[in-house]
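Asks: What follows is entry-v8.csv, made up of CSV, N, CA and C atoms:
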chain,number,residue,atom,x,y,z
A,99,MET,N,7.7,5.4,6.8
A,99,MET,CA,6.5,6.2,6.6
A,99,MET,C,5.4,5.8,7.6
A,100,ILE,N,5.2,4.5,7.7
A,100,ILE,CA,4.1,4.1,8.6
A,100,ILE,C,4.4,4.5,10.0
A,101,THR,N,5.6,4.4,10.5
A,101,THR,CA,5.9,4.8,11.9
A,101,THR,C,5.6,6.3,12.0
A,102,ALA,N,6.0,7.1,11.1
A,102,ALA,CA,5.8,8.5,11.1
A,102,ALA,C,4.3,8.9,11.0
A,103,SER,N,3.6,8.1,10.2
A,103,SER,CA,2.2,8.4,10.1
A,103,SER,C,1.4,8.2,11.3
A,104,TRP,N,1.8,7.3,12.2
A,104,TRP,CA,1.1,7.1,13.5
A,104,TRP,C,1.3,8.4,14.4
A,105,SER,N,2.4,8.9,14.4
A,105,SER,CA,2.7,10.1,15.3
A,105,SER,C,2.5,11.4,14.5
A,106,LYS,N,2.7,11.4,13.2
A,106,LYS,CA,2.6,12.6,12.4
A,106,LYS,C,1.7,12.3,11.1
A,107,PRO,N,0.4,12.3,11.3
A,107,PRO,CA,-0.4,12.1,10.1
A,107,PRO,C,-0.3,13.2,9.1
A,108,LEU,N,-0.7,13.0,7.9
A,108,LEU,CA,-0.7,14.0,6.8
A,108,LEU,C,-2.0,14.8,6.9
A,109,TYR,N,-1.8,16.1,7.0
A,109,TYR,CA,-3.0,17.0,7.0
A,109,TYR,C,-3.3,17.4,5.6
A,110,ILE,N,-4.5,17.2,5.1
A,110,ILE,CA,-4.9,17.6,3.8
A,110,ILE,C,-6.3,18.3,3.9
A,111,LEU,N,-6.6,19.1,2.8
A,111,LEU,CA,-7.8,19.8,2.8
A,111,LEU,C,-9.0,18.9,2.9
A,112,THR,N,-10.1,19.3,3.4
A,112,THR,CA,-11.3,18.5,3.6
A,112,THR,C,-11.8,17.9,2.3
A,113,HIS,N,-11.8,18.7,1.2
A,113,HIS,CA,-12.3,18.2,-0.1
A,113,HIS,C,-11.3,17.1,-0.6
A,114,SER,N,-10.0,17.4,-0.4
A,114,SER,CA,-9.0,16.4,-0.9
A,114,SER,C,-9.1,15.1,-0.1
A,115,ARG,N,-9.4,15.2,1.2
A,115,ARG,CA,-9.6,14.0,2.0
A,115,ARG,C,-10.8,13.2,1.5
A,116,THR,N,-11.8,13.9,1.2
A,116,THR,CA,-13.1,13.2,0.7
A,116,THR,C,-12.8,12.5,-0.6
A,117,VAL,N,-12.1,13.1,-1.5
A,117,VAL,CA,-11.8,12.5,-2.8
A,117,VAL,C,-10.8,11.3,-2.6
A,118,LEU,N,-9.8,11.5,-1.7
A,118,LEU,CA,-8.9,10.4,-1.4
A,118,LEU,C,-9.6,9.2,-0.8
A,119,ARG,N,-10.4,9.5,0.2
A,119,ARG,CA,-11.1,8.4,0.9
A,119,ARG,C,-12.0,7.6,-0.1
A,120,ASP,N,-12.7,8.4,-0.9
A,120,ASP,CA,-13.6,7.7,-1.9
A,120,ASP,C,-12.8,6.8,-2.9
A,121,ALA,N,-11.6,7.3,-3.3
A,121,ALA,CA,-10.8,6.5,-4.2
A,121,ALA,C,-10.3,5.3,-3.5
A,122,ILE,N,-9.8,5.4,-2.2
A,122,ILE,CA,-9.3,4.3,-1.5
A,122,ILE,C,-10.5,3.3,-1.2
A,123,LEU,N,-11.6,3.8,-0.9
A,123,LEU,CA,-12.8,2.9,-0.7
A,123,LEU,C,-13.1,2.1,-2.0
A,124,ARG,N,-13.2,2.8,-3.1
A,124,ARG,CA,-13.5,2.1,-4.4
A,124,ARG,C,-12.4,1.1,-4.7
A,125,ASP,N,-11.2,1.4,-4.6
A,125,ASP,CA,-10.1,0.5,-4.9
A,125,ASP,C,-10.0,-0.7,-4.0
A,126,ALA,N,-10.2,-0.4,-2.7
A,126,ALA,CA,-10.2,-1.5,-1.7
A,126,ALA,C,-11.4,-2.4,-1.9
A,127,SER,N,-12.6,-1.9,-2.3
A,127,SER,CA,-13.7,-2.7,-2.6
A,127,SER,C,-13.5,-3.6,-3.8
A,128,PHE,N,-12.9,-3.0,-4.8
A,128,PHE,CA,-12.5,-3.8,-6.0
A,128,PHE,C,-11.6,-5.0,-5.7
A,129,LEU,N,-10.6,-4.7,-4.9
A,129,LEU,CA,-9.7,-5.7,-4.4
A,129,LEU,C,-10.4,-6.8,-3.6
A,130,GLU,N,-11.3,-6.4,-2.7
A,130,GLU,CA,-12.1,-7.3,-1.9
A,130,GLU,C,-12.9,-8.2,-2.8
A,131,LYS,N,-13.6,-7.7,-3.8
A,131,LYS,CA,-14.4,-8.5,-4.7
A,131,LYS,C,-13.6,-9.5,-5.5
A,132,ASN,N,-12.3,-9.2,-5.6
A,132,ASN,CA,-11.4,-10.1,-6.4
A,132,ASN,C,-10.6,-11.0,-5.4
A,133,TYR,N,-11.0,-11.0,-4.1
A,133,TYR,CA,-10.3,-11.9,-3.1
A,133,TYR,C,-8.9,-11.5,-2.9
A,134,VAL,N,-8.5,-10.2,-3.0
A,134,VAL,CA,-7.1,-9.8,-2.8
A,134,VAL,C,-7.0,-9.2,-1.5
A,135,MET,N,-5.9,-9.5,-0.8
A,135,MET,CA,-5.6,-8.9,0.5
A,135,MET,C,-4.1,-8.7,0.5
A,136,ASP,N,-3.7,-8.0,1.6
A,136,ASP,CA,-2.2,-7.7,1.8
A,136,ASP,C,-1.7,-6.7,0.8
A,137,TYR,N,-2.3,-5.6,0.7
A,137,TYR,CA,-1.8,-4.5,-0.2
A,137,TYR,C,-1.5,-3.3,0.7
A,138,SER,N,-0.8,-2.3,0.1
A,138,SER,CA,-0.3,-1.2,0.8
A,138,SER,C,-0.6,0.1,0.0
A,139,LEU,N,-0.4,1.2,0.6
A,139,LEU,CA,-0.6,2.5,0.0
A,139,LEU,C,0.8,3.2,-0.1
A,140,LEU,N,1.2,3.5,-1.3
A,140,LEU,CA,2.5,4.2,-1.5
A,140,LEU,C,2.1,5.7,-1.6
A,141,VAL,N,2.8,6.5,-0.8
A,141,VAL,CA,2.5,8.0,-0.7
A,141,VAL,C,3.8,8.7,-1.1
A,142,GLY,N,3.7,9.7,-1.9
A,142,GLY,CA,4.8,10.6,-2.3
A,142,GLY,C,4.4,12.0,-2.4
A,143,LEU,N,5.3,12.9,-2.3
A,143,LEU,CA,5.0,14.3,-2.4
A,143,LEU,C,5.9,14.8,-3.6
A,144,ASP,N,5.2,15.5,-4.6
A,144,ASP,CA,5.9,16.0,-5.7
A,144,ASP,C,5.4,17.5,-5.9
A,145,ASN,N,6.3,18.4,-5.5
A,145,ASN,CA,6.0,19.9,-5.6
A,145,ASN,C,4.7,20.2,-4.9
A,146,ASN,N,4.6,19.7,-3.6
A,146,ASN,CA,3.5,20.0,-2.8
A,146,ASN,C,2.2,19.3,-3.3
A,147,LEU,N,2.3,18.3,-4.2
A,147,LEU,CA,1.2,17.6,-4.7
A,147,LEU,C,1.3,16.1,-4.1
A,148,LEU,N,0.3,15.7,-3.5
A,148,LEU,CA,0.3,14.4,-2.9
A,148,LEU,C,0.0,13.3,-4.0
A,149,VAL,N,0.8,12.4,-4.1
A,149,VAL,CA,0.7,11.3,-5.1
A,149,VAL,C,0.5,10.0,-4.3
A,150,VAL,N,-0.5,9.3,-4.6
A,150,VAL,CA,-0.8,8.0,-3.9
A,150,VAL,C,-1.2,6.9,-4.8
A,151,GLY,N,-0.9,5.7,-4.4
A,151,GLY,CA,-1.3,4.5,-5.2
A,151,GLY,C,-1.3,3.2,-4.4
A,152,ILE,N,-2.2,2.3,-4.6
A,152,ILE,CA,-2.2,1.1,-4.0
A,152,ILE,C,-1.2,0.2,-4.7
A,153,ILE,N,-0.3,-0.5,-3.9
A,153,ILE,CA,0.7,-1.4,-4.4
A,153,ILE,C,0.7,-2.7,-3.7
A,154,ASP,N,1.4,-3.7,-4.2
A,154,ASP,CA,1.6,-5.0,-3.6
A,154,ASP,C,0.2,-5.7,-3.5
A,155,TYR,N,-0.6,-5.7,-4.5
A,155,TYR,CA,-1.9,-6.3,-4.5
A,155,TYR,C,-1.9,-7.7,-5.2
A,156,ILE,N,-0.9,-8.4,-5.1
A,156,ILE,CA,-0.8,-9.7,-5.8
A,156,ILE,C,-1.4,-10.8,-5.0
A,157,ARG,N,-1.4,-10.8,-3.7
A,157,ARG,CA,-1.7,-12.0,-2.9
A,157,ARG,C,-3.3,-12.1,-2.8
A,158,LYS,N,-3.7,-13.3,-3.3
A,158,LYS,CA,-5.2,-13.6,-3.2
A,158,LYS,C,-5.4,-14.4,-2.0
A,159,PHE,N,-6.6,-14.3,-1.5
A,159,PHE,CA,-7.0,-15.1,-0.3
A,159,PHE,C,-7.5,-16.5,-0.8
A,160,THR,N,-6.5,-17.3,-1.0
A,160,THR,CA,-6.8,-18.7,-1.5
A,160,THR,C,-7.1,-19.6,-0.4
A,161,ILE,N,-7.4,-20.9,-0.7
A,161,ILE,CA,-7.6,-21.9,0.3
A,161,ILE,C,-6.5,-22.1,1.3
A,162,ASP,N,-5.2,-22.0,0.8
A,162,ASP,CA,-4.1,-22.1,1.6
A,162,ASP,C,-4.0,-21.0,2.6
A,163,LYS,N,-4.4,-19.8,2.2
A,163,LYS,CA,-4.4,-18.6,3.1
A,163,LYS,C,-5.5,-18.7,4.1
A,164,ARG,N,-6.6,-19.3,3.7
A,164,ARG,CA,-7.7,-19.5,4.6
A,164,ARG,C,-7.3,-20.5,5.8
A,165,ILE,N,-6.7,-21.5,5.4
A,165,ILE,CA,-6.2,-22.5,6.3
A,165,ILE,C,-5.2,-21.9,7.3
A,166,GLU,N,-4.2,-21.2,6.7
A,166,GLU,CA,-3.2,-20.6,7.5
A,166,GLU,C,-3.8,-19.6,8.5
A,167,SER,N,-4.7,-18.8,8.1
A,167,SER,CA,-5.4,-17.9,9.0
A,167,SER,C,-6.1,-18.6,10.1
A,168,TYR,N,-6.8,-19.6,9.8
A,168,TYR,CA,-7.5,-20.4,10.8
A,168,TYR,C,-6.6,-21.0,11.8
A,169,LEU,N,-5.5,-21.6,11.3
A,169,LEU,CA,-4.5,-22.3,12.2
A,169,LEU,C,-3.9,-21.3,13.1
A,170,LYS,N,-3.5,-20.1,12.6
A,170,LYS,CA,-2.9,-19.1,13.4
A,170,LYS,C,-3.9,-18.6,14.5
A,171,GLN,N,-5.2,-18.6,14.2
A,171,GLN,CA,-6.1,-18.2,15.2
A,171,GLN,C,-6.3,-19.3,16.3
A,172,VAL,N,-6.2,-20.5,15.9
A,172,VAL,CA,-6.4,-21.6,16.9
A,172,VAL,C,-5.2,-21.8,17.7
A,173,VAL,N,-4.0,-21.6,17.2
A,173,VAL,CA,-2.7,-21.8,17.9
A,173,VAL,C,-2.5,-20.7,18.9
A,174,ASP,N,-2.7,-19.5,18.6
A,174,ASP,CA,-2.5,-18.3,19.5
A,174,ASP,C,-3.6,-17.4,19.5
A,175,GLN,N,-4.6,-17.7,20.3
A,175,GLN,CA,-5.8,-16.9,20.3
A,175,GLN,C,-5.7,-15.5,20.9
A,176,SER,N,-4.5,-15.2,21.6
A,176,SER,CA,-4.3,-13.9,22.2
A,176,SER,C,-3.9,-12.9,21.2
A,177,LYS,N,-3.5,-13.3,20.0
A,177,LYS,CA,-3.1,-12.3,19.0
A,177,LYS,C,-4.1,-12.3,17.8
A,178,LEU,N,-4.2,-11.1,17.2
A,178,LEU,CA,-5.0,-11.0,16.0
A,178,LEU,C,-4.3,-11.8,14.8
A,179,PRO,N,-5.0,-12.5,14.0
A,179,PRO,CA,-4.3,-13.2,12.9
A,179,PRO,C,-3.7,-12.2,11.9
A,180,THR,N,-2.5,-12.5,11.4
A,180,THR,CA,-1.8,-11.7,10.4
A,180,THR,C,-2.4,-11.8,9.0
A,181,ILE,N,-3.0,-13.0,8.8
A,181,ILE,CA,-3.7,-13.2,7.5
A,181,ILE,C,-5.2,-13.2,7.8
A,182,VAL,N,-5.9,-12.3,7.1
A,182,VAL,CA,-7.3,-12.1,7.3
A,182,VAL,C,-8.0,-12.1,6.0
A,183,SER,N,-9.3,-12.3,6.0
A,183,SER,CA,-10.1,-12.3,4.8
A,183,SER,C,-10.0,-10.9,4.1
A,184,PRO,N,-10.3,-10.9,2.8
A,184,PRO,CA,-10.3,-9.6,2.1
A,184,PRO,C,-11.2,-8.6,2.7
A,185,HIS,N,-12.4,-9.0,3.2
A,185,HIS,CA,-13.3,-8.1,3.8
A,185,HIS,C,-12.7,-7.4,5.0
A,186,VAL,N,-12.1,-8.2,5.9
A,186,VAL,CA,-11.5,-7.7,7.1
A,186,VAL,C,-10.3,-6.8,6.8
A,187,TYR,N,-9.5,-7.3,5.8
A,187,TYR,CA,-8.4,-6.5,5.4
A,187,TYR,C,-8.8,-5.1,4.9
A,188,LYS,N,-9.8,-5.1,4.0
A,188,LYS,CA,-10.3,-3.9,3.5
A,188,LYS,C,-10.7,-2.9,4.6
A,189,ASN,N,-11.5,-3.4,5.5
A,189,ASN,CA,-11.9,-2.5,6.6
A,189,ASN,C,-10.8,-2.0,7.5
A,190,ARG,N,-9.8,-2.9,7.7
A,190,ARG,CA,-8.7,-2.5,8.5
A,190,ARG,C,-7.8,-1.5,7.8
A,191,PHE,N,-7.7,-1.6,6.5
A,191,PHE,CA,-6.9,-0.7,5.6
A,191,PHE,C,-7.6,0.7,5.6
A,192,ILE,N,-8.9,0.7,5.4
A,192,ILE,CA,-9.6,2.0,5.3
A,192,ILE,C,-9.5,2.7,6.7
A,193,GLU,N,-9.7,2.0,7.8
A,193,GLU,CA,-9.6,2.6,9.1
A,193,GLU,C,-8.2,3.2,9.3
A,194,ALA,N,-7.1,2.5,8.8
A,194,ALA,CA,-5.8,3.0,9.0
A,194,ALA,C,-5.6,4.3,8.1
A,195,MET,N,-6.1,4.3,6.9
A,195,MET,CA,-6.0,5.5,6.1
A,195,MET,C,-6.7,6.7,6.7
A,196,ASP,N,-7.9,6.4,7.4
A,196,ASP,CA,-8.6,7.5,8.1
A,196,ASP,C,-7.7,8.1,9.2
A,197,ARG,N,-6.8,7.3,9.8
A,197,ARG,CA,-5.9,7.8,10.8
A,197,ARG,C,-4.7,8.5,10.2
A,198,TYR,N,-4.3,8.1,9.1
A,198,TYR,CA,-3.1,8.6,8.5
A,198,TYR,C,-3.3,10.0,7.7
A,199,PHE,N,-4.5,10.2,7.2
A,199,PHE,CA,-4.8,11.4,6.5
A,199,PHE,C,-5.9,12.1,7.2
A,200,LEU,N,-5.6,13.3,7.8
A,200,LEU,CA,-6.6,14.0,8.6
A,200,LEU,C,-6.9,15.3,7.8
A,201,ALA,N,-8.2,15.7,8.0
A,201,ALA,CA,-8.7,16.9,7.2
A,201,ALA,C,-8.4,18.2,8.0
A,202,VAL,N,-7.9,19.2,7.2
A,202,VAL,CA,-7.8,20.5,7.7
A,202,VAL,C,-8.9,21.3,7.2
A,203,PRO,N,-9.7,21.9,8.1
A,203,PRO,CA,-10.9,22.7,7.6
A,203,PRO,C,-10.4,23.9,6.7
A,204,ASP,N,-11.2,24.1,5.6
A,204,ASP,CA,-10.9,25.2,4.7
A,204,ASP,C,-12.2,26.0,4.6
A,205,ARG,N,-12.3,26.9,3.7
A,205,ARG,CA,-13.5,27.8,3.6
A,205,ARG,C,-14.7,27.0,3.1
A,206,TRP,N,-14.6,25.8,2.6
A,206,TRP,CA,-15.7,25.0,2.1
A,206,TRP,C,-16.2,24.0,3.2
A,207,HIS,N,-15.5,23.9,4.3
A,207,HIS,CA,-15.7,22.9,5.3
A,207,HIS,C,-17.2,22.9,5.8
A,208,ASP,N,-17.7,24.1,6.1
A,208,ASP,CA,-19.0,24.2,6.7
A,208,ASP,C,-20.1,23.8,5.6
A,209,LEU,N,-19.8,23.9,4.4
A,209,LEU,CA,-20.8,23.6,3.3
A,209,LEU,C,-20.9,22.0,3.2
A,210,MET,N,-19.9,21.3,3.7
A,210,MET,CA,-19.9,19.8,3.5
A,210,MET,C,-20.7,19.2,4.7
A,211,ARG,N,-21.0,19.9,5.7
A,211,ARG,CA,-21.7,19.3,6.9
A,211,ARG,C,-23.2,19.1,6.6
A,212,ASP,N,-23.7,18.1,7.2
A,212,ASP,CA,-25.2,17.9,7.1
A,212,ASP,C,-25.8,18.8,8.2
A,213,ASN,N,-26.7,19.7,7.8
A,213,ASN,CA,-27.4,20.6,8.7
A,213,ASN,C,-28.7,20.1,9.0
Please render this file's structure as structure tokens.
Replies:
Amino acid sequence: MITASWSKPLYILTHSRTVLRDAILRDASFLEKNYVMDYSLLVGLDNNLLVVGIIDYIRKFTIDKRIESYLKQVVDQSKLPTIVSPHVYKNRFIEAMDRYFLAVPDRWHDLMRDN
């Protein structure tokens, strides 16, 4: 799914994208406040209904993960660390979701713009 989402994002209605993004932002913020990182979004289609949920949210950003992240940055500075703080992970996750779910304008699209 992830490989397909890079080249073939899911197109959803503008209102649906707004609701989905808000839910992802609230869930990711909750996980960040609880020092959780390394989670994923499971996506399914059921009779043309998009079903989503955050999964794999067990890993906390504990002292051992902080040390591992630091050491990986020091050893190979040319690569981005694979283990990042909950704040960085949340931002990276939300940015990815913005690329995976694109809005299709509908009849309400113009009403949502700031004039």
Asks: Show me, as a list in words, the residues that have an atom within 6 Å of segment 124-133 of chain A when counting all atoms listed in the file, minus same-chain residues fewer than 4 positions from it.
Replies: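 Residues meeting the cut-off are Arg119, Asp120, Arg157, Lys158, Phe159, Pro184, His185 and Lys188 of chain A.
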Asks: Just how far from atom CA of Val134 of chain A is atom CA of Leu147 of chain A, in Å to one decimal?
Replies: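 Distance between the two atoms: 28.7 Å.
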Asks: So what do you get for atom N of Tyr137 of chain A versus atom CA of Asp196 of chain A, distance-wise?
Replies: 16.3 Å
Asks: Which residues are near Asp136 of chain A? Cut-off 7 Å, only N, CA and C atoms, ignore same chain within fewer than 3 positions. Put them as a PyMOL selection string.
Replies: chain A and resi 153-157+184+187
Asks: What is the atom CA of Pro107 of chain A-atom CA of Ala194 of chain A distance in Å, reported with one decimal?
Replies: 10.6 Å
Asks: With distances taken over all atoms listed in the file, which residue among A:Ile181, A:Pro203, A:Ile192, A:Tyr198 lies nearest Leu108 of chain A?
Replies: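 Smallest distance to Leu108 of chain A is found for A:Tyr198.
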Asks: Save segment 153-164 of chain A to disk from that block, all heavy atoms included, as a short mmCIF file (atom, residue, chain, number, x, y, z; two decimals), in the first residue's frame.
Replies:
data_model
loop_
_atom_site.label_atom_id
_atom_site.label_comp_id
_atom_site.auth_asym_id
_atom_site.auth_seq_id
_atom_site.Cartn_x
_atom_site.Cartn_y
_atom_site.Cartn_z
N ILE A 153 -2.48 2.03 13.85
CA ILE A 153 -2.08 0.75 14.43
C ILE A 153 -0.61 0.80 14.84
O ILE A 153 0.11 1.74 14.52
CB ILE A 153 -2.32 -0.41 13.45
CG1 ILE A 153 -1.50 -0.22 12.18
CG2 ILE A 153 -3.79 -0.55 13.12
CD1 ILE A 153 -1.47 -1.43 11.27
N ASP A 154 -0.17 -0.23 15.53
CA ASP A 154 1.24 -0.39 15.94
C ASP A 154 1.73 0.78 16.78
O ASP A 154 2.81 1.31 16.55
CB ASP A 154 2.15 -0.57 14.72
CG ASP A 154 1.86 -1.82 13.95
OD1 ASP A 154 1.33 -2.76 14.54
OD2 ASP A 154 2.16 -1.86 12.75
N TYR A 155 0.96 1.18 17.75
CA TYR A 155 1.32 2.35 18.57
C TYR A 155 1.85 1.93 19.94
O TYR A 155 1.65 2.61 20.93
CB TYR A 155 0.12 3.29 18.73
CG TYR A 155 -1.16 2.61 19.13
CD1 TYR A 155 -1.45 2.34 20.45
CD2 TYR A 155 -2.07 2.21 18.17
CE1 TYR A 155 -2.62 1.70 20.82
CE2 TYR A 155 -3.25 1.58 18.52
CZ TYR A 155 -3.52 1.33 19.84
OH TYR A 155 -4.67 0.70 20.20
N ILE A 156 2.59 0.85 19.97
CA ILE A 156 3.07 0.31 21.24
C ILE A 156 4.40 0.93 21.68
O ILE A 156 4.66 1.07 22.86
CB ILE A 156 3.19 -1.23 21.15
CG1 ILE A 156 1.81 -1.82 20.94
CG2 ILE A 156 3.88 -1.82 22.35
CD1 ILE A 156 1.78 -3.29 20.66
N ARG A 157 5.25 1.32 20.75
CA ARG A 157 6.61 1.75 21.07
C ARG A 157 6.65 3.15 21.65
O ARG A 157 6.27 4.12 21.02
CB ARG A 157 7.47 1.66 19.82
CG ARG A 157 8.88 2.15 19.98
CD ARG A 157 9.57 1.60 21.18
NE ARG A 157 10.27 0.39 20.91
CZ ARG A 157 11.01 -0.20 21.83
NH1 ARG A 157 11.09 0.31 23.04
NH2 ARG A 157 11.64 -1.29 21.56
N LYS A 158 7.12 3.26 22.88
CA LYS A 158 7.30 4.57 23.51
C LYS A 158 8.73 5.06 23.26
O LYS A 158 9.63 4.27 23.05
CB LYS A 158 7.05 4.49 25.02
CG LYS A 158 5.58 4.42 25.36
CD LYS A 158 5.37 4.72 26.81
CE LYS A 158 4.19 5.65 26.90
NZ LYS A 158 4.07 6.34 28.12
N PHE A 159 8.90 6.36 23.30
CA PHE A 159 10.21 6.98 23.11
C PHE A 159 10.89 7.05 24.47
O PHE A 159 10.94 8.09 25.12
CB PHE A 159 10.05 8.36 22.49
CG PHE A 159 11.31 8.94 21.94
CD1 PHE A 159 11.98 8.32 20.90
CD2 PHE A 159 11.82 10.11 22.44
CE1 PHE A 159 13.14 8.86 20.37
CE2 PHE A 159 12.98 10.67 21.94
CZ PHE A 159 13.64 10.05 20.89
N THR A 160 11.43 5.92 24.89
CA THR A 160 12.08 5.80 26.19
C THR A 160 13.54 6.21 26.10
O THR A 160 14.05 6.52 25.02
CB THR A 160 11.97 4.35 26.70
OG1 THR A 160 12.51 3.49 25.69
CG2 THR A 160 10.52 3.96 26.96
N ILE A 161 14.22 6.19 27.22
CA ILE A 161 15.63 6.60 27.26
C ILE A 161 16.50 5.76 26.33
O ILE A 161 17.40 6.28 25.68
CB ILE A 161 16.19 6.60 28.71
CG1 ILE A 161 17.56 7.27 28.79
CG2 ILE A 161 16.25 5.20 29.27
CD1 ILE A 161 17.54 8.74 28.55
N ASP A 162 16.21 4.46 26.21
CA ASP A 162 17.01 3.62 25.31
C ASP A 162 16.80 4.04 23.85
O ASP A 162 17.73 4.02 23.04
CB ASP A 162 16.71 2.14 25.50
CG ASP A 162 15.26 1.77 25.19
OD1 ASP A 162 14.37 2.57 25.50
OD2 ASP A 162 15.04 0.67 24.65
N LYS A 163 15.59 4.46 23.48
CA LYS A 163 15.33 4.93 22.12
C LYS A 163 15.97 6.29 21.88
O LYS A 163 16.43 6.58 20.78
CB LYS A 163 13.82 4.99 21.85
CG LYS A 163 13.20 3.63 21.72
CD LYS A 163 13.79 2.92 20.53
CE LYS A 163 13.40 1.48 20.44
NZ LYS A 163 14.16 0.76 19.41
N ARG A 164 16.01 7.13 22.90
CA ARG A 164 16.70 8.42 22.78
C ARG A 164 18.19 8.22 22.51
O ARG A 164 18.76 8.87 21.64
CB ARG A 164 16.52 9.26 24.05
CG ARG A 164 15.15 9.80 24.25
CD ARG A 164 15.08 10.54 25.59
NE ARG A 164 13.72 10.76 25.98
CZ ARG A 164 13.13 11.95 25.94
NH1 ARG A 164 13.79 13.01 25.55
NH2 ARG A 164 11.88 12.06 26.30
#
